[in-house]
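A.B. asks: Quick one: the structure is below, and I'll ask about it shortly.
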Amino acid sequence: MSSPNTAAAFLALHQDRAPGDPLILPGPWDAASARVFADVGFPALATPSAGIAASLGYEDGGGTPVDEMFAAITRITRVVDLPVSADVEDGYGLAPAELVERLLTAGVVGCNLEDTDLAAKQLKDPQQHADWLAQVREAAGDQLVINARVDTFLSGDTTADAAIERARLYLAAGADVIYPILAPVELVKELAQGIDAPLNVAFLPGGPAPAQLGELGATRITFGPGLFHEAMEALRGHAEQLRSAQPRA
């Protein structure tokens with residue numbers, strides 16, 4: 001039987017899910033938040049690059065020094081006995097073998113890899129990115145669940161066709177899950193049918209509940225930096241109350 005912290009066990013959480021029951025993966029930004037999510041009973045976690053970047057004082061989109069990003073991820077995996085997937089953006093320019101080595105050393109069993117070139121600030125050529133993903137898969141073997149992020153909607157394309165085309169290339173290259181970030185809700189069903197693989201959809205405030213997204217075809221729900229921002233807003237509210245109670249000089 002697979003250990004609960006193996007890639008096989010993590011991938012199994014994505015499979016045979018009933019409609020309306022997607023895998024919900026909250027996004028810890030540090031060890032303390034990871035412990036909270038683990039303590040309330042979530043089966044796995046998925047770190048958000050933006051949340052970690054903000055917690056460390058950096059901008060998202062490649063702004064976090066790679067050593068600091070992996071150190072933060074390692075602190076998260078150290079304190080929870082759960083599968084953890086890590087958002088490592090576009091791979092930070094690391095060669096596939098080194099990227100995989102650093103992910104495994106950090107203790108994760110999955111990763112997000114996006115198809116935006118952060119240095120060039122544009123979408124990568126889909127075939128070239130697929131070839132790169134294939135190298136990551138070869139280096140990882142069966143030790144990582146690869147969540148291939150598709151950024152066509154982020155770049156302004158409003159159709160499902162471009163996302164599906166890229167997704168199929170990435171699946172053929174060895175990706176396990178597809179994440180069309182910012183996909184409009186009305187396209188989730190079409191994307192799920194066209195991709196025919198576990199589909200990661202982001203929960204957005206004011207949008208459909210996770211169960212509703214699951215009924216549309218989402219297999220897995222993540223939150224990006226949303227939970228981090230909610231926590232910071234709550235902290236700000238407490239801080240403002242404390243400050244307002246103090247006498248003004």
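Quick note on naming: the chains in the structure tokens go A, B, ... in the order shown, residues restart at 1 in each chain, and ligands are numbered from 1 in order of appearance.
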Write out as a list of chain:residue names which residues come within 8 Å of range 97-111 of chain A when counting only C-alpha atoms, dropping same-chain ones fewer than 3 positions away.

C.D. replies: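 In the requested form, the answer reads A:Asn5, A:Thr6, A:Ala7, A:Phe10, A:Phe70, A:Ala71, A:Ile73, A:Thr74, A:Thr77, A:Arg78, A:Pro83, A:Val84, A:Ser85, A:Ala86, A:Asp87, A:Val88, A:Gly91, A:Leu94, A:Gln135, A:Val136, A:Ala139, A:Ala140, A:Gln143, A:Leu144, A:Val145, A:Ile146, A:Asn147.
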
A.B. asks: Between A:Ala46, A:Ala148, A:Leu82, A:Ala231, which one has atoms that come closest to His129 in chain A, using only C-alpha atoms?

C.D. replies: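 Checking each of A:Ala46, A:Ala148, A:Leu82, A:Ala231 against His129 in chain A, counting only C-alpha atoms, the winner is A:Ala148.
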
A.B. asks: Tell me which of A:Ala183, A:Ala72, A:Leu242, A:Ala18 sits closest to Asn200 in chain A, counting only C-alpha atoms.

C.D. replies: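 Closest residue, counting only C-alpha atoms: A:Ala183.
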
A.B. asks: Using only C-alpha atoms, which protein or nucleic acid residues come within 7 Å of range 154-168 of chain A? Drop anything in the same chain fewer than 5 positions from it, and give the result as an MDAnalysis selection string.

C.D. replies: chainID A and resid 126 178 180:182 187 191 194:195

A.B. asks: Emit the selected residues as a compact mmCIF listing (two decimals), in the first residue's frame, including N, CA, C and O atoms.

C.D. replies:
# COMPACT_ATOMS: atom_id res chain seq x y z
N PRO A 126 3.70 26.35 -27.05
CA PRO A 126 3.12 25.17 -26.40
C PRO A 126 3.91 23.89 -26.62
O PRO A 126 4.03 23.07 -25.71
N ILE A 178 -4.64 19.31 -15.19
CA ILE A 178 -4.59 20.54 -15.99
C ILE A 178 -5.28 21.66 -15.21
O ILE A 178 -6.35 21.47 -14.66
N PRO A 180 -6.42 25.37 -16.04
CA PRO A 180 -6.62 26.55 -16.88
C PRO A 180 -6.99 27.75 -16.00
O PRO A 180 -8.17 28.01 -15.74
N ILE A 181 -6.00 28.45 -15.54
CA ILE A 181 -6.22 29.51 -14.56
C ILE A 181 -7.10 30.62 -15.14
O ILE A 181 -6.99 30.97 -16.32
N LEU A 182 -8.00 31.12 -14.31
CA LEU A 182 -8.97 32.17 -14.66
C LEU A 182 -9.94 31.74 -15.76
O LEU A 182 -10.52 32.59 -16.44
N LEU A 187 -17.25 28.13 -19.03
CA LEU A 187 -16.48 27.25 -19.89
C LEU A 187 -15.96 26.01 -19.16
O LEU A 187 -15.33 25.16 -19.79
N LEU A 191 -14.38 22.68 -20.91
CA LEU A 191 -12.98 22.35 -20.66
C LEU A 191 -12.86 20.93 -20.10
O LEU A 191 -12.01 20.15 -20.54
N GLY A 194 -13.45 18.50 -22.91
CA GLY A 194 -12.43 18.53 -23.94
C GLY A 194 -11.07 18.05 -23.48
O GLY A 194 -10.28 17.53 -24.28
N ILE A 195 -10.79 18.19 -22.19
CA ILE A 195 -9.48 17.82 -21.67
C ILE A 195 -9.47 16.36 -21.21
O ILE A 195 -8.47 15.66 -21.37

A.B. asks: Among range 138-205 of chain A, which ones does DSSP place in strand (DSSP E or B), written as a PyMOL selection string?

C.D. replies: chain A and resi 145-150+177-180+199-202

A.B. asks: To one decimal place, how far is CA of Leu199 in chain A from CA of Leu25 in chain A in Å?

C.D. replies: 12.9 Å

A.B. asks: Using only C-alpha atoms, determine which residues lie at most 12 Å from Ala34 in chain A, disregarding the query and same-chain residues fewer than 2 positions distant; provide the list as a VMD selection string.

C.D. replies: chain A and resid 25 to 32 36 to 48 52 72 to 84 227 to 228
